[in-house]
Amino acid sequence: MRRKHSLPIIIAPLTVLILTSLALSHDLWVVPSRFVIVPGASVSVALNTGDQFPVSDGAVKSERIERASLITAGGSTLFTAFRTDSKSTMVDVVAPRQDGSAIVEVVLKPLATKQPRASFDDFVKHEGLDAVGALLAREPQRRAEERRTYAKYAKTLLRIGNGKGAATVYPKPLGHRLEIVPEADPYSLKTGEMLPVRLYFDGRPLVGARVVIGSTDTATATQSKLPGVRTDAEGRARLPLDKKGGVHYIHTLHMIPAKGADVEWESFWATLTFEARRR
């Protein structure tokens with residue numbers, strides 16, 4: 001199934017799940033078995049959820065997946081066949097038969113949760129949601145619990161052969177409500193260099209958002225979390241690639257007051273994964 005790159009935002013009925021643990025704050029990562037693949041090759045891609053990248057604490061239920069697709073310069077192909085392997089949800093991706101660049105995207109339907117006030121406040125502080133903290137500070141009387149929805153958007157960058165066309169594929173927003181868009185090809189950068197990214201929320205640059213980058217050294221499995229930064233007035237940030245190289249992830253989170261009466265807040269999670277190789 002082929003589509004154009006301008007992907008519509010699909011509005012799905014809200015699935016409600018009541019949890020109170022901060023464990024629900026897991027990121028969603030798209031983690032392929034290989035980031036650099038030969039044209040026409042097949043690669044297994046894991047959808048992982050967890051707190052310690054890239055380890056998954058539990059498989060994503062297929063019914064929660066709103067959209068998953070492979071995006072290339074030639075169009076988009078939807079995935080419909082998923083399988084579970086231990087704690088990961090897997091999908092098999094076949095690369096195009098020509099050199100190029102590709103994105104695998106995954107969008108999860110929103111769920112609803114509630115947290116005790118103290119737990120919610122810790123979560124807001126931990127994620128650097130200063131605007132939310134300011135709104136809470138102005139409330140004359142706090143609720144015993146805070147209710148929120150959380151939707152998740154994840155992408156990974158694949159290099160196919162020589163990576164031709166990366167400048168066309170990678171920097172193009174896909175229409176996610178919250179999205180991290182790289183403004184350079186990370187596979188063309190040297191380890192230790194800066195990767196420029198731009199954040200969008202509802203199609204507009206997101207100002208003042210906290211963005212965190214981290215990596216896993218593929219040789220030693222050592223994890224490192226590099227400093228987080230805030231986006232500027234144009235929604236842009238520059239993030240350092242780990243000098244050791246390895247698989248990288250970028251994470252951001254945005255929260256706004258909800259318009260309905262069912263929950264007080266809407267939260268949106270976004271991640272981007274890729275590999276930086278020593279050269």
# chains A, B, ... in the order shown; residues from 1 in each chain; ligands from 1

call {"tool": "residues_around", "arguments": {"residues": "Met194 (chain A)", "least_positions_apart": "5", "cutoff": "10 Å", "atoms": "only C-alpha atoms", "output": "NGL selection string"}}
result
:A and (184 or 186 or 189 or 237-242)

call {"tool": "write_last_selection", "arguments": {"atoms": "N, CA and C atoms", "output": "PDB file, in the first residue's frame"}}
result
ATOM      1  N   ALA A 184      19.732  17.335   9.704  1.00  0.00           N
ATOM      2  CA  ALA A 184      20.944  16.859   9.044  1.00  0.00           C
ATOM      3  C   ALA A 184      20.915  15.333   9.083  1.00  0.00           C
ATOM      4  N   PRO A 186      22.335  12.139  10.303  1.00  0.00           N
ATOM      5  CA  PRO A 186      23.286  11.732  11.340  1.00  0.00           C
ATOM      6  C   PRO A 186      24.333  10.745  10.840  1.00  0.00           C
ATOM      7  N   LEU A 189      27.485  12.523   9.781  1.00  0.00           N
ATOM      8  CA  LEU A 189      28.233  13.248  10.803  1.00  0.00           C
ATOM      9  C   LEU A 189      29.267  12.341  11.457  1.00  0.00           C
ATOM     10  N   ALA A 237      17.166  22.760  18.232  1.00  0.00           N
ATOM     11  CA  ALA A 237      18.173  22.435  19.239  1.00  0.00           C
ATOM     12  C   ALA A 237      19.322  21.715  18.538  1.00  0.00           C
ATOM     13  N   ARG A 238      20.497  21.789  19.144  1.00  0.00           N
ATOM     14  CA  ARG A 238      21.663  21.083  18.632  1.00  0.00           C
ATOM     15  C   ARG A 238      22.111  20.086  19.698  1.00  0.00           C
ATOM     16  N   LEU A 239      22.207  18.821  19.308  1.00  0.00           N
ATOM     17  CA  LEU A 239      22.469  17.751  20.256  1.00  0.00           C
ATOM     18  C   LEU A 239      23.789  17.066  19.927  1.00  0.00           C
ATOM     19  N   PRO A 240      24.613  16.782  20.944  1.00  0.00           N
ATOM     20  CA  PRO A 240      25.922  16.169  20.686  1.00  0.00           C
ATOM     21  C   PRO A 240      25.829  14.659  20.493  1.00  0.00           C
ATOM     22  N   LEU A 241      26.451  14.167  19.445  1.00  0.00           N
ATOM     23  CA  LEU A 241      26.572  12.726  19.267  1.00  0.00           C
ATOM     24  C   LEU A 241      27.666  12.206  20.189  1.00  0.00           C
ATOM     25  N   ASP A 242      27.440  11.046  20.764  1.00  0.00           N
ATOM     26  CA  ASP A 242      28.421  10.455  21.670  1.00  0.00           C
ATOM     27  C   ASP A 242      29.731  10.194  20.917  1.00  0.00           C
TER      28      ASP A 242
END

call {"tool": "residues_around", "arguments": {"residues": "Leu253 (chain A)", "least_positions_apart": "5", "cutoff": "9 Å", "atoms": "only C-alpha atoms", "output": "PyMOL selection string"}}
result
chain A and resi 127-129+178+209-211+267-271

call {"tool": "residues_around", "arguments": {"residues": "region 66-74 of chain A", "least_positions_apart": "3", "cutoff": "6 Å", "atoms": "only C-alpha atoms", "output": "ChimeraX atom specification"}}
result
/A:77-79,102-109,169

call {"tool": "write_last_selection", "arguments": {"atoms": "C-alpha atoms", "output": "PDB file, in the first residue's frame"}}
result
ATOM      1  CA  THR A  77       4.105   1.338   3.059  1.00  0.00           C
ATOM      2  CA  LEU A  78       1.884   0.389   6.000  1.00  0.00           C
ATOM      3  CA  PHE A  79       2.712  -2.555   8.263  1.00  0.00           C
ATOM      4  CA  ALA A 102      14.125   5.449   5.061  1.00  0.00           C
ATOM      5  CA  ILE A 103      12.123   6.093   8.223  1.00  0.00           C
ATOM      6  CA  VAL A 104      10.133   3.572  10.207  1.00  0.00           C
ATOM      7  CA  GLU A 105       7.393   5.344  12.146  1.00  0.00           C
ATOM      8  CA  VAL A 106       5.070   4.053  14.866  1.00  0.00           C
ATOM      9  CA  VAL A 107       2.100   5.910  16.353  1.00  0.00           C
ATOM     10  CA  LEU A 108       0.319   4.540  19.430  1.00  0.00           C
ATOM     11  CA  LYS A 109      -3.268   5.353  20.333  1.00  0.00           C
ATOM     12  CA  VAL A 169      13.586  11.957   3.565  1.00  0.00           C
TER      13      VAL A 169
END

call {"tool": "closest_residue", "arguments": {"among": "A:Gly163, A:Gly208, A:Gly192, A:Gly214", "to": "Lys243 (chain A)", "atoms": "only C-alpha atoms"}}
result
A:Gly192

call {"tool": "residues_around", "arguments": {"residues": "region 132-140 of chain A", "least_positions_apart": "4", "cutoff": "8 Å", "atoms": "only C-alpha atoms", "output": "list in words"}}
result
Asp121, Val124, Lys125, Met255 and Ile256 of chain A

call {"tool": "atom_distance", "arguments": {"atom1": "CA of Lys164 (chain A)", "atom2": "CA of Tyr187 (chain A)"}}
result
11.1 Å
